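Structure below is final02.txt: compact mmCIF, C-alpha atoms.
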# COMPACT_ATOMS: atom_id res chain seq x y z
CA MET A 1 6.35 4.66 -23.47
CA SER A 2 7.92 3.92 -20.10
CA ARG A 3 9.66 5.67 -17.22
CA ALA A 4 12.82 4.31 -15.58
CA TYR A 5 13.46 4.93 -11.88
CA ASP A 6 16.16 4.44 -9.29
CA LEU A 7 14.71 3.72 -5.87
CA VAL A 8 16.36 3.90 -2.44
CA HIS A 9 14.50 3.10 0.80
CA ARG A 10 16.55 3.27 4.02
CA THR A 11 15.36 2.58 7.58
CA THR A 12 17.65 3.40 10.50
CA TYR A 13 17.27 2.44 14.16
CA GLU A 14 19.47 3.96 16.93
CA TYR A 15 19.22 2.04 20.21
CA PRO A 16 20.03 3.48 23.68
CA GLN A 17 21.42 0.11 24.87
CA PRO A 18 23.17 -2.66 22.92
CA VAL A 19 20.93 -5.05 21.00
CA THR A 20 22.26 -8.60 21.15
CA ASP A 21 20.00 -10.05 18.43
CA SER A 22 17.76 -8.53 15.78
CA TYR A 23 15.44 -10.51 13.51
CA GLY A 24 13.49 -8.80 10.77
CA ARG A 25 11.52 -9.25 7.60
CA THR A 26 11.29 -6.61 4.89
CA THR A 27 8.78 -5.92 2.14
CA MET A 28 10.97 -3.44 0.28
CA THR A 29 11.47 -5.20 -3.06
CA PRO A 30 9.17 -4.09 -5.93
CA ARG A 31 7.12 -6.70 -7.77
CA ASP A 32 7.47 -7.67 -11.42
CA LEU A 33 4.07 -6.98 -12.96
CA PRO A 34 2.46 -6.09 -16.25
CA GLY A 35 3.53 -2.50 -16.72
CA GLN A 36 6.35 -2.77 -14.16
CA VAL A 37 9.72 -4.48 -14.64
CA VAL A 38 12.39 -4.72 -11.94
CA HIS A 39 15.84 -4.67 -13.58
CA SER A 40 17.87 -4.95 -10.37
CA THR A 41 17.22 -4.99 -6.66
CA SER A 42 19.09 -5.55 -3.40
CA VAL A 43 18.53 -5.36 0.35
CA VAL A 44 21.59 -4.58 2.49
CA VAL A 45 21.58 -4.82 6.29
CA ASP A 46 24.22 -3.23 8.55
CA PRO A 47 25.57 -4.92 10.69
CA THR A 48 25.93 -7.86 8.33
CA PRO A 49 23.38 -10.56 9.16
CA ALA A 50 24.43 -14.01 10.27
CA ASP A 51 21.48 -15.37 8.28
CA THR A 52 19.36 -14.04 5.45
CA ALA A 53 16.87 -15.48 2.98
CA THR A 54 14.31 -14.34 0.43
CA HIS A 55 10.71 -15.50 0.28
CA VAL A 56 7.52 -15.00 -1.73
CA ASP A 57 4.55 -14.68 0.61
CA TYR A 58 0.92 -15.79 0.26
CA TYR A 59 0.06 -12.71 -1.82
CA GLY A 60 3.08 -13.05 -4.11
CA ASN A 61 5.05 -10.24 -2.45
CA ARG A 62 8.84 -10.53 -2.35
CA THR A 63 10.22 -10.41 1.19
CA THR A 64 13.67 -10.70 2.77
CA PHE A 65 14.38 -12.23 6.20
CA PHE A 66 17.52 -11.34 8.18
CA GLY A 67 19.01 -12.22 11.55
CA VAL A 68 21.75 -10.02 13.07
CA THR A 69 23.49 -11.70 16.01
CA THR A 70 26.35 -9.20 16.38
CA PRO A 71 25.74 -6.80 19.31
CA HIS A 72 24.88 -3.38 17.94
CA THR A 73 23.37 0.00 18.83
CA ARG A 74 22.53 0.96 15.24
CA LEU A 75 20.68 -1.02 12.58
CA VAL A 76 20.36 0.16 8.98
CA VAL A 77 18.31 -1.60 6.31
CA THR A 78 18.69 -0.24 2.77
CA SER A 79 16.82 -1.37 -0.32
CA ARG A 80 17.95 -0.28 -3.78
CA SER A 81 16.11 -1.06 -7.00
CA SER A 82 16.11 -0.11 -10.65
CA VAL A 83 12.57 -0.22 -12.05
CA GLU A 84 10.92 0.50 -15.40
CA VAL A 85 7.24 1.46 -15.34
CA SER A 86 4.94 1.62 -18.36
CA ARG A 87 1.64 1.53 -16.46
CA VAL A 88 -1.09 3.70 -17.98
CA ALA A 89 -3.90 4.96 -15.78
CA PRO A 90 -7.27 3.95 -17.25
CA ASP A 91 -9.73 6.60 -18.37
CA PRO A 92 -12.64 6.38 -15.89
CA ASP A 93 -15.10 6.95 -18.74
CA THR A 94 -13.90 3.79 -20.52
CA LEU A 95 -14.17 1.45 -17.52
CA PRO A 96 -17.00 -1.13 -17.45
CA THR A 97 -20.33 0.25 -16.25
CA VAL A 98 -21.57 -2.72 -14.20
CA PRO A 99 -23.68 -1.54 -11.22
CA TRP A 100 -22.02 -1.95 -7.84
CA GLU A 101 -24.93 -4.03 -6.47
CA ASP A 102 -24.45 -6.60 -9.25
CA VAL A 103 -20.80 -6.98 -8.35
CA ALA A 104 -21.57 -7.37 -4.64
CA ARG A 105 -24.20 -10.04 -5.36
CA ALA A 106 -21.88 -11.95 -7.70
CA VAL A 107 -19.04 -11.95 -5.18
CA ALA A 108 -21.35 -13.08 -2.35
CA SER A 109 -22.80 -15.93 -4.41
CA GLY A 110 -19.54 -16.96 -6.09
CA GLU A 111 -21.17 -16.62 -9.51
CA LEU A 112 -18.16 -15.03 -11.16
CA GLU A 113 -16.52 -15.71 -14.51
CA VAL A 114 -13.16 -15.94 -12.78
CA ALA A 115 -14.35 -19.03 -10.86
CA ALA A 116 -14.29 -21.16 -14.00
CA VAL A 117 -10.64 -20.53 -14.73
CA ASP A 118 -8.87 -19.51 -11.52
CA GLU A 119 -9.99 -20.86 -8.16
CA HIS A 120 -7.21 -19.00 -6.34
CA ALA A 121 -8.43 -15.70 -7.80
CA LEU A 122 -11.95 -16.44 -6.58
CA VAL A 123 -10.64 -17.13 -3.07
CA GLY A 124 -8.75 -13.84 -3.23
CA LEU A 125 -11.92 -11.94 -4.13
CA ARG A 126 -13.88 -13.52 -1.30
CA GLU A 127 -11.07 -12.71 1.16
CA ALA A 128 -11.02 -9.11 -0.07
CA VAL A 129 -14.53 -8.41 1.25
CA LEU A 130 -13.81 -9.58 4.82
CA PRO A 131 -12.82 -7.37 7.76
CA SER A 132 -9.15 -7.50 8.74
CA THR A 133 -6.87 -6.24 11.49
CA HIS A 134 -6.77 -2.64 10.29
CA VAL A 135 -10.02 -2.51 8.29
CA ARG A 136 -13.22 -2.49 10.34
CA LEU A 137 -16.71 -2.77 8.85
CA VAL A 138 -18.46 -0.38 11.23
CA ASP A 139 -21.55 1.83 11.17
CA GLU A 140 -19.49 5.03 11.00
CA VAL A 141 -17.95 3.95 7.70
CA ARG A 142 -21.28 2.77 6.27
CA THR A 143 -22.91 6.11 7.14
CA TRP A 144 -20.04 8.14 5.69
CA ALA A 145 -19.96 6.13 2.46
CA GLU A 146 -23.73 5.84 1.95
CA PRO A 147 -24.15 8.95 -0.28
CA THR A 148 -21.74 7.41 -2.80
CA PHE A 149 -23.58 4.10 -3.09
CA THR A 150 -26.67 5.27 -4.91
CA PRO A 151 -28.81 2.52 -6.49
CA GLY A 152 -27.60 1.32 -9.88
CA ARG A 153 -24.45 3.45 -9.89
CA PRO A 154 -21.57 1.91 -11.86
CA LEU A 155 -18.84 0.52 -9.62
CA ALA A 156 -16.21 2.53 -11.50
CA ALA A 157 -18.05 5.75 -10.60
CA VAL A 158 -18.31 4.60 -6.97
CA VAL A 159 -14.56 4.02 -6.77
CA VAL A 160 -13.71 7.39 -8.33
CA ASP A 161 -16.17 9.21 -6.07
CA LEU A 162 -14.86 7.62 -2.88
CA ALA A 163 -11.31 8.67 -3.76
CA HIS A 164 -12.47 12.21 -4.53
CA ARG A 165 -14.42 12.51 -1.29
CA ILE A 166 -11.46 11.33 0.79
CA ARG A 167 -9.22 13.87 -0.92
CA THR A 168 -11.65 16.76 -0.44
CA GLU A 169 -13.36 15.93 2.87
CA LEU A 170 -10.34 14.86 4.93
CA THR A 171 -7.09 16.69 5.69
CA TYR A 172 -3.67 15.19 5.03
CA ARG A 173 -1.66 15.76 8.22
CA SER A 174 1.59 13.94 8.98
CA GLY A 175 1.82 12.56 12.49
CA SER A 176 -1.91 12.88 13.18
CA THR A 177 -2.49 9.12 13.39
CA THR A 178 -0.75 5.85 14.21
CA VAL A 179 -0.94 2.39 12.69
CA HIS A 180 -3.62 1.63 15.29
CA THR A 181 -5.96 4.49 14.32
CA THR A 182 -9.38 3.12 13.36
CA GLN A 183 -11.61 4.33 10.54
CA ALA A 184 -14.11 5.66 13.10
CA GLN A 185 -11.35 7.70 14.76
CA LEU A 186 -10.16 9.00 11.40
CA LEU A 187 -13.64 10.20 10.46
CA ALA A 188 -14.09 11.81 13.88
CA GLN A 189 -10.87 13.82 13.70
CA GLY A 190 -11.01 14.47 9.95
CA ALA A 191 -7.25 14.14 9.36
CA GLY A 192 -4.78 11.38 8.60
CA VAL A 193 -2.17 10.10 6.16
CA CYS A 194 -2.15 7.88 3.08
CA GLN A 195 -2.35 4.65 5.10
CA ASP A 196 -5.50 5.88 6.87
CA PHE A 197 -7.12 7.05 3.64
CA ALA A 198 -6.45 3.70 1.96
CA HIS A 199 -7.91 1.81 4.92
CA LEU A 200 -11.02 4.02 4.91
CA MET A 201 -11.68 3.50 1.22
CA ILE A 202 -11.14 -0.25 1.55
CA ALA A 203 -13.50 -0.35 4.53
CA ALA A 204 -16.18 1.53 2.58
CA LEU A 205 -15.99 -0.86 -0.38
CA ARG A 206 -15.93 -3.99 1.78
CA THR A 207 -18.83 -2.73 3.91
CA TYR A 208 -20.95 -2.79 0.75
CA GLY A 209 -19.68 -6.25 -0.27
CA LEU A 210 -17.07 -5.14 -2.81
CA PRO A 211 -13.52 -6.59 -3.01
CA ALA A 212 -10.70 -4.18 -2.17
CA ARG A 213 -7.10 -4.64 -1.14
CA TYR A 214 -4.32 -2.49 0.30
CA THR A 215 -1.40 -1.67 -1.99
CA SER A 216 2.01 -0.50 -0.79
CA GLY A 217 4.57 1.31 -2.92
CA TYR A 218 6.05 4.67 -3.82
CA ILE A 219 5.31 7.75 -5.89
CA GLU A 220 7.88 9.83 -7.68
CA THR A 221 9.71 12.05 -5.20
CA ARG A 222 10.81 14.69 -7.68
CA PRO A 223 7.94 15.62 -10.00
CA PRO A 224 8.51 16.75 -13.60
CA ALA A 225 8.73 20.50 -14.19
CA GLY A 226 5.38 22.16 -13.77
CA ARG A 227 3.82 19.35 -11.75
CA GLU A 228 3.01 19.64 -8.07
CA LYS A 229 4.74 17.26 -5.69
CA LEU A 230 2.34 14.48 -4.72
CA ARG A 231 1.32 13.86 -1.13
CA GLY A 232 3.16 10.98 0.51
CA ALA A 233 6.21 11.21 -1.75
CA ASP A 234 8.73 11.35 1.10
CA ALA A 235 8.03 7.85 2.41
CA SER A 236 6.48 4.60 1.32
CA HIS A 237 2.99 5.26 0.01
CA ALA A 238 -0.33 3.40 0.13
CA TRP A 239 -3.33 3.24 -2.15
CA VAL A 240 -6.26 0.96 -3.03
CA SER A 241 -6.93 -1.83 -5.52
CA ALA A 242 -10.63 -2.24 -6.27
CA TRP A 243 -11.88 -5.21 -8.28
CA LEU A 244 -14.02 -4.33 -11.28
CA PRO A 245 -15.41 -7.09 -13.56
CA GLY A 246 -14.09 -6.62 -17.06
CA ALA A 247 -11.15 -4.52 -15.89
CA GLY A 248 -9.61 -6.57 -13.08
CA TRP A 249 -7.92 -4.85 -10.14
CA VAL A 250 -8.06 -1.09 -10.66
CA GLU A 251 -5.43 0.89 -8.73
CA ILE A 252 -6.51 4.26 -7.31
CA ASP A 253 -4.82 6.69 -4.91
CA PRO A 254 -7.35 8.42 -2.63
CA THR A 255 -4.64 10.56 -1.01
CA ASN A 256 -4.05 12.33 -4.34
CA ASP A 257 -7.45 11.61 -5.94
CA GLN A 258 -6.13 9.91 -9.05
CA LEU A 259 -5.84 6.56 -10.77
CA VAL A 260 -2.38 5.04 -10.54
CA ASP A 261 -0.05 5.61 -13.51
CA ASP A 262 3.66 5.42 -14.36
CA ARG A 263 4.63 7.75 -11.49
CA TYR A 264 4.01 4.90 -9.04
CA VAL A 265 6.18 1.89 -8.18
CA LEU A 266 4.25 -0.98 -6.62
CA LEU A 267 5.81 -3.02 -3.82
CA GLY A 268 3.05 -5.42 -2.81
CA TRP A 269 -0.51 -5.88 -1.62
CA GLY A 270 -2.57 -7.59 1.04
CA ARG A 271 -5.68 -7.21 3.18
CA ASP A 272 -4.31 -4.10 4.92
CA TYR A 273 -1.08 -2.52 6.14
CA GLY A 274 -0.41 -5.46 8.45
CA ASP A 275 0.29 -7.72 5.45
CA VAL A 276 2.87 -5.46 3.77
CA PRO A 277 4.76 -3.25 6.26
CA PRO A 278 8.17 -2.26 4.83
CA LEU A 279 9.94 -3.67 7.88
CA ARG A 280 8.93 -5.69 10.95
CA GLY A 281 10.81 -7.75 13.47
CA VAL A 282 11.94 -8.35 17.06
CA ILE A 283 15.03 -7.34 19.02
CA PHE A 284 16.67 -8.56 22.21
CA THR A 285 17.94 -5.76 24.46
CA GLU A 286 17.80 -4.59 28.08
CA GLY A 287 17.03 -1.05 26.95
CA LYS A 288 14.06 0.51 25.23
CA GLY A 289 13.41 0.13 21.56
CA ALA A 290 13.78 2.92 19.03
CA HIS A 291 11.59 4.74 16.56
CA PRO A 292 12.83 4.29 12.98
CA ARG A 293 14.10 7.08 10.76
CA VAL A 294 12.91 6.43 7.22
CA ALA A 295 14.29 8.02 4.06
CA VAL A 296 12.90 7.33 0.59
CA ASP A 297 13.99 8.57 -2.82
CA LEU A 298 12.33 7.55 -6.09
CA VAL A 299 13.97 9.48 -8.90
CA PRO A 300 14.26 9.21 -12.70
CA ALA A 301 17.07 6.85 -13.69
CA GLY A 302 20.28 8.76 -14.14
CA SER A 303 19.44 11.22 -11.39
CA VAL A 304 21.30 10.92 -8.12
CA PRO A 305 19.26 9.51 -5.22
CA PHE A 306 20.60 10.13 -1.73
CA GLU A 307 23.45 8.00 -0.50

Write out the structure in this file as structure tokens.
Amino acid sequence: MSRAYDLVHRTTYEYPQPVTDSYGRTTMTPRDLPGQVVHSTSVVVDPTPADTATHVDYYGNRTTFFGVTTPHTRLVVTSRSSVEVSRVAPDPDTLPTVPWEDVARAVASGELEVAAVDEHALVGLREAVLPSTHVRLVDEVRTWAEPTFTPGRPLAAVVVDLAHRIRTELTYRSGSTTVHTTQAQLLAQGAGVCQDFAHLMIAALRTYGLPARYTSGYIETRPPAGREKLRGADASHAWVSAWLPGAGWVEIDPTNDQLVDDRYVLLGWGRDYGDVPPLRGVIFTEGKGAHPRVAVDLVPAGSVPFE
């Protein structure tokens, strides 16, 4: 069984003074993965770029570079994709029951089954326990997470509990944080958005020596009849991939306290948000920059997303 979606992601900048040159890179093209097939995709930039190219980055994410050299006061970047998703969320009770300490020791020592067959995968696991720009391994996170990491507890139970605690102990509040908000600041104020919650969960896992990565994507904007609209559905979304021996990378959404299923479309992953922002770049202008207006619509195929 699968679900087909039409996806539109549009970012608009309005500048107070003319911009002579604009150079950007997008991560707005979904990945082809087991359980996710991209049937069509495009990225359109207005004004028309003088130069554009596609690229697959270090993590396998699909990116698009563009350079606009026509003077402009408005820049619009629109991604459209048709995606089919057959991903099934695993039953937590059927996941492997390896204790979290055993996983941490195996990753630290390099004594992993994956090492014999895939050196790149081993490097990825070792990278996924390191601090990064937006994920700090600090005492505040260790103290907050400590009640979850009881001795001998299965890693699957640890992952599920962390997601549940984030959902129930912290408040989802749009505009309460910025991309520079740290995990210590998030815990102090008790409120944030999906990006903050993903970073906190990743920090907790890495603090205890467990591989975790940041995943960027979308959740269905218009839920089926009888289902509540999910948090974060009006913009790009973020969740966590935790590595579990015997199951691989397990995707879990702490913002909504659930394992990821066919209501999610995955864009890409990295160490944290800094590896997979939807859009980044530089402009040349004598005026101030502009804050983007972002509009996202992920709807069942055949519905009408916004134009």

Residues within 6 Å of segment 276-285 of chain A, only C-alpha atoms, excluding chain neighbours under 3 positions, as number ranges by chain: A: 19-28, 273

Kindly assemble as JSON lines a list of the segment 178-266 of chain A residues that lie within 6 Å of segment 119-139 of chain A, each paired with its nearest atom pair and their distance in Å to one decimal, using all atoms listed in the file, sorted first by chain and then by ascending residue number.
{"residue": "A:His199", "atom": "CA", "partner": "A:Val135", "partner_atom": "CA", "distance": 5.9}
{"residue": "A:Ala203", "atom": "CA", "partner": "A:Val135", "partner_atom": "CA", "distance": 5.6}
{"residue": "A:Arg206", "atom": "CA", "partner": "A:Val129", "partner_atom": "CA", "distance": 4.7}
{"residue": "A:Thr207", "atom": "CA", "partner": "A:Leu137", "partner_atom": "CA", "distance": 5.4}
{"residue": "A:Gly209", "atom": "CA", "partner": "A:Val129", "partner_atom": "CA", "distance": 5.8}
{"residue": "A:Leu210", "atom": "CA", "partner": "A:Val129", "partner_atom": "CA", "distance": 5.8}
{"residue": "A:Pro211", "atom": "CA", "partner": "A:Ala128", "partner_atom": "CA", "distance": 4.6}
{"residue": "A:Ala212", "atom": "CA", "partner": "A:Ala128", "partner_atom": "CA", "distance": 5.4}

Contacts of Leu230 of chain A within 12 Å, only C-alpha atoms, excl. fewer than 6 positions in-chain, as a ChimeraX atom specification: /A:172,194,218-224,237,253-258,263-264

Counting all atoms listed in the file, the residue of A:Pro99, A:Pro16, A:Pro151, A:Gly35 that sits nearest Lys288 of chain A: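 Of A:Pro99, A:Pro16, A:Pro151, A:Gly35, the one nearest Lys288 of chain A is A:Pro16, counting all atoms listed in the file.
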
Between atom CA of Pro30 of chain A and atom CA of Gly270 of chain A - distance in Å to one decimal: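 Separation of atom CA of Gly270 of chain A and atom CA of Pro30 of chain A: 14.1 Å.
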
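Atom pair atom CA of Asp6 of chain A / atom CA of Glu228 of chain A has a distance of 20.1 Å (rounded to one decimal).
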
Selection: 6 Å around segment 183-187 of chain A, only C-alpha atoms, excl. self and same-chain fewer than 3 positions, as a list in words: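 Listing them by chain and then by number gives Glu140, Gly190 and Leu200 of chain A.
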
Please provide as a PDB file with C-alpha atoms, in the frame of the given file all residues within 12 Å of Thr150 of chain A, with the sequence filter that same-chain residues fewer than 4 positions apart are discarded (counting only C-alpha atoms).
ATOM      1  CA  PRO A  99     -23.680  -1.540 -11.220  1.00  0.00           C
ATOM      2  CA  TRP A 100     -22.020  -1.950  -7.840  1.00  0.00           C
ATOM      3  CA  GLU A 101     -24.930  -4.030  -6.470  1.00  0.00           C
ATOM      4  CA  ALA A 145     -19.960   6.130   2.460  1.00  0.00           C
ATOM      5  CA  GLU A 146     -23.730   5.840   1.950  1.00  0.00           C
ATOM      6  CA  PRO A 154     -21.570   1.910 -11.860  1.00  0.00           C
ATOM      7  CA  LEU A 155     -18.840   0.520  -9.620  1.00  0.00           C
ATOM      8  CA  ALA A 157     -18.050   5.750 -10.600  1.00  0.00           C
ATOM      9  CA  VAL A 158     -18.310   4.600  -6.970  1.00  0.00           C
ATOM     10  CA  ASP A 161     -16.170   9.210  -6.070  1.00  0.00           C
ATOM     11  CA  TYR A 208     -20.950  -2.790   0.750  1.00  0.00           C
TER      12      TYR A 208
END

Nearby residues (only C-alpha atoms) at most 8 Å from His72 of chain A, same-chain spacing under 2 positions excluded, as number ranges by chain: A: 18-20, 47, 70, 74-75

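The two atoms in question, atom CA of Trp144 of chain A and atom CA of Gly175 of chain A, are spaced 23.3 Å apart.
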
Residue with smallest distance to Val294 of chain A - pool A:Val193, A:Val76, A:Ala106, A:Val45, counting all atoms listed in the file: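 Using all atoms listed in the file, Val294 of chain A sits closest to A:Val76.
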
Counting only C-alpha atoms, the residue of A:Thr148, A:Ser79, A:Thr54, A:Pro90 that sits nearest Thr12 of chain A: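 Answer, going by the shortest atom-to-atom distance: A:Ser79.
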
Sphere at (-13.0, -9.8, -16.0), radius 10 Å, counting all atoms listed in the file: residues as a list in words: Pro96, Leu112, Glu113, Val114, Trp243, Leu244, Pro245, Gly246, Ala247, Gly248 and Trp249 of chain A

Nearest to Val98 of chain A, chosen from A:Asp51, A:Ala156, A:Thr11, A:Glu111, with all atoms listed in the file counted in the distances: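 Result for the nearest residue to Val98 of chain A: A:Ala156.
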
Residue completion, segment 129-152 of chain A, N, CA, C and O atoms, as a PDB file, keeping the file's coordinate frame:
ATOM      1  N   VAL A 129     -13.332  -9.083   0.740  1.00  0.00           N
ATOM      2  CA  VAL A 129     -14.530  -8.410   1.250  1.00  0.00           C
ATOM      3  C   VAL A 129     -14.656  -8.590   2.768  1.00  0.00           C
ATOM      4  O   VAL A 129     -15.605  -8.067   3.367  1.00  0.00           O
ATOM      5  N   LEU A 130     -13.730  -9.297   3.384  1.00  0.00           N
ATOM      6  CA  LEU A 130     -13.810  -9.580   4.820  1.00  0.00           C
ATOM      7  C   LEU A 130     -13.137  -8.478   5.633  1.00  0.00           C
ATOM      8  O   LEU A 130     -12.218  -7.818   5.149  1.00  0.00           O
ATOM      9  N   PRO A 131     -13.563  -8.277   6.887  1.00  0.00           N
ATOM     10  CA  PRO A 131     -12.820  -7.370   7.760  1.00  0.00           C
ATOM     11  C   PRO A 131     -11.439  -7.939   8.043  1.00  0.00           C
ATOM     12  O   PRO A 131     -11.205  -9.143   7.936  1.00  0.00           O
ATOM     13  N   SER A 132     -10.501  -7.073   8.413  1.00  0.00           N
ATOM     14  CA  SER A 132      -9.150  -7.500   8.740  1.00  0.00           C
ATOM     15  C   SER A 132      -8.640  -6.654   9.897  1.00  0.00           C
ATOM     16  O   SER A 132      -9.358  -5.802  10.428  1.00  0.00           O
ATOM     17  N   THR A 133      -7.405  -6.875  10.288  1.00  0.00           N
ATOM     18  CA  THR A 133      -6.870  -6.240  11.490  1.00  0.00           C
ATOM     19  C   THR A 133      -7.040  -4.726  11.486  1.00  0.00           C
ATOM     20  O   THR A 133      -7.446  -4.122  12.486  1.00  0.00           O
ATOM     21  N   HIS A 134      -6.746  -4.091  10.357  1.00  0.00           N
ATOM     22  CA  HIS A 134      -6.770  -2.640  10.290  1.00  0.00           C
ATOM     23  C   HIS A 134      -7.941  -2.087   9.485  1.00  0.00           C
ATOM     24  O   HIS A 134      -8.007  -0.877   9.229  1.00  0.00           O
ATOM     25  N   VAL A 135      -8.841  -2.943   9.070  1.00  0.00           N
ATOM     26  CA  VAL A 135     -10.020  -2.510   8.290  1.00  0.00           C
ATOM     27  C   VAL A 135     -11.267  -3.034   8.992  1.00  0.00           C
ATOM     28  O   VAL A 135     -11.525  -4.237   8.992  1.00  0.00           O
ATOM     29  N   ARG A 136     -12.034  -2.113   9.574  1.00  0.00           N
ATOM     30  CA  ARG A 136     -13.220  -2.490  10.340  1.00  0.00           C
ATOM     31  C   ARG A 136     -14.480  -2.117   9.548  1.00  0.00           C
ATOM     32  O   ARG A 136     -14.573  -1.027   8.995  1.00  0.00           O
ATOM     33  N   LEU A 137     -15.438  -3.014   9.539  1.00  0.00           N
ATOM     34  CA  LEU A 137     -16.710  -2.770   8.850  1.00  0.00           C
ATOM     35  C   LEU A 137     -17.706  -2.282   9.895  1.00  0.00           C
ATOM     36  O   LEU A 137     -18.450  -3.064  10.492  1.00  0.00           O
ATOM     37  N   VAL A 138     -17.704  -0.976  10.127  1.00  0.00           N
ATOM     38  CA  VAL A 138     -18.460  -0.380  11.230  1.00  0.00           C
ATOM     39  C   VAL A 138     -19.501   0.600  10.695  1.00  0.00           C
ATOM     40  O   VAL A 138     -19.446   1.056   9.546  1.00  0.00           O
ATOM     41  N   ASP A 139     -20.463   0.948  11.569  1.00  0.00           N
ATOM     42  CA  ASP A 139     -21.550   1.830  11.170  1.00  0.00           C
ATOM     43  C   ASP A 139     -21.052   3.205  10.722  1.00  0.00           C
ATOM     44  O   ASP A 139     -21.622   3.813   9.814  1.00  0.00           O
ATOM     45  N   GLU A 140     -20.005   3.707  11.369  1.00  0.00           N
ATOM     46  CA  GLU A 140     -19.490   5.030  11.000  1.00  0.00           C
ATOM     47  C   GLU A 140     -19.037   5.076   9.544  1.00  0.00           C
ATOM     48  O   GLU A 140     -19.260   6.064   8.842  1.00  0.00           O
ATOM     49  N   VAL A 141     -18.407   4.003   9.100  1.00  0.00           N
ATOM     50  CA  VAL A 141     -17.950   3.950   7.700  1.00  0.00           C
ATOM     51  C   VAL A 141     -19.148   3.810   6.771  1.00  0.00           C
ATOM     52  O   VAL A 141     -19.220   4.481   5.725  1.00  0.00           O
ATOM     53  N   ARG A 142     -20.088   2.946   7.113  1.00  0.00           N
ATOM     54  CA  ARG A 142     -21.280   2.770   6.270  1.00  0.00           C
ATOM     55  C   ARG A 142     -22.026   4.099   6.104  1.00  0.00           C
ATOM     56  O   ARG A 142     -22.424   4.454   4.994  1.00  0.00           O
ATOM     57  N   THR A 143     -22.196   4.835   7.200  1.00  0.00           N
ATOM     58  CA  THR A 143     -22.910   6.110   7.140  1.00  0.00           C
ATOM     59  C   THR A 143     -22.160   7.120   6.292  1.00  0.00           C
ATOM     60  O   THR A 143     -22.754   7.841   5.476  1.00  0.00           O
ATOM     61  N   TRP A 144     -20.833   7.193   6.480  1.00  0.00           N
ATOM     62  CA  TRP A 144     -20.040   8.140   5.690  1.00  0.00           C
ATOM     63  C   TRP A 144     -20.104   7.815   4.205  1.00  0.00           C
ATOM     64  O   TRP A 144     -20.239   8.707   3.355  1.00  0.00           O
ATOM     65  N   ALA A 145     -20.034   6.542   3.866  1.00  0.00           N
ATOM     66  CA  ALA A 145     -19.960   6.130   2.460  1.00  0.00           C
ATOM     67  C   ALA A 145     -21.315   6.108   1.767  1.00  0.00           C
ATOM     68  O   ALA A 145     -21.380   6.140   0.533  1.00  0.00           O
ATOM     69  N   GLU A 146     -22.404   6.066   2.522  1.00  0.00           N
ATOM     70  CA  GLU A 146     -23.730   5.840   1.950  1.00  0.00           C
ATOM     71  C   GLU A 146     -24.085   6.770   0.788  1.00  0.00           C
ATOM     72  O   GLU A 146     -24.645   6.310  -0.221  1.00  0.00           O
ATOM     73  N   PRO A 147     -23.780   8.084   0.839  1.00  0.00           N
ATOM     74  CA  PRO A 147     -24.150   8.950  -0.280  1.00  0.00           C
ATOM     75  C   PRO A 147     -23.514   8.552  -1.612  1.00  0.00           C
ATOM     76  O   PRO A 147     -24.045   8.888  -2.681  1.00  0.00           O
ATOM     77  N   THR A 148     -22.410   7.842  -1.569  1.00  0.00           N
ATOM     78  CA  THR A 148     -21.740   7.410  -2.800  1.00  0.00           C
ATOM     79  C   THR A 148     -22.431   6.212  -3.434  1.00  0.00           C
ATOM     80  O   THR A 148     -22.441   6.060  -4.660  1.00  0.00           O
ATOM     81  N   PHE A 149     -23.023   5.360  -2.599  1.00  0.00           N
ATOM     82  CA  PHE A 149     -23.580   4.100  -3.090  1.00  0.00           C
ATOM     83  C   PHE A 149     -25.060   4.265  -3.459  1.00  0.00           C
ATOM     84  O   PHE A 149     -25.943   3.644  -2.865  1.00  0.00           O
ATOM     85  N   THR A 150     -25.299   5.102  -4.442  1.00  0.00           N
ATOM     86  CA  THR A 150     -26.670   5.270  -4.910  1.00  0.00           C
ATOM     87  C   THR A 150     -27.077   4.067  -5.755  1.00  0.00           C
ATOM     88  O   THR A 150     -26.234   3.428  -6.402  1.00  0.00           O
ATOM     89  N   PRO A 151     -28.366   3.720  -5.770  1.00  0.00           N
ATOM     90  CA  PRO A 151     -28.810   2.520  -6.490  1.00  0.00           C
ATOM     91  C   PRO A 151     -28.454   2.566  -7.975  1.00  0.00           C
ATOM     92  O   PRO A 151     -28.656   3.581  -8.646  1.00  0.00           O
ATOM     93  N   GLY A 152     -27.900   1.451  -8.466  1.00  0.00           N
ATOM     94  CA  GLY A 152     -27.600   1.320  -9.880  1.00  0.00           C
ATOM     95  C   GLY A 152     -26.351   2.046 -10.357  1.00  0.00           C
ATOM     96  O   GLY A 152     -26.018   2.010 -11.546  1.00  0.00           O
TER      97      GLY A 152
END
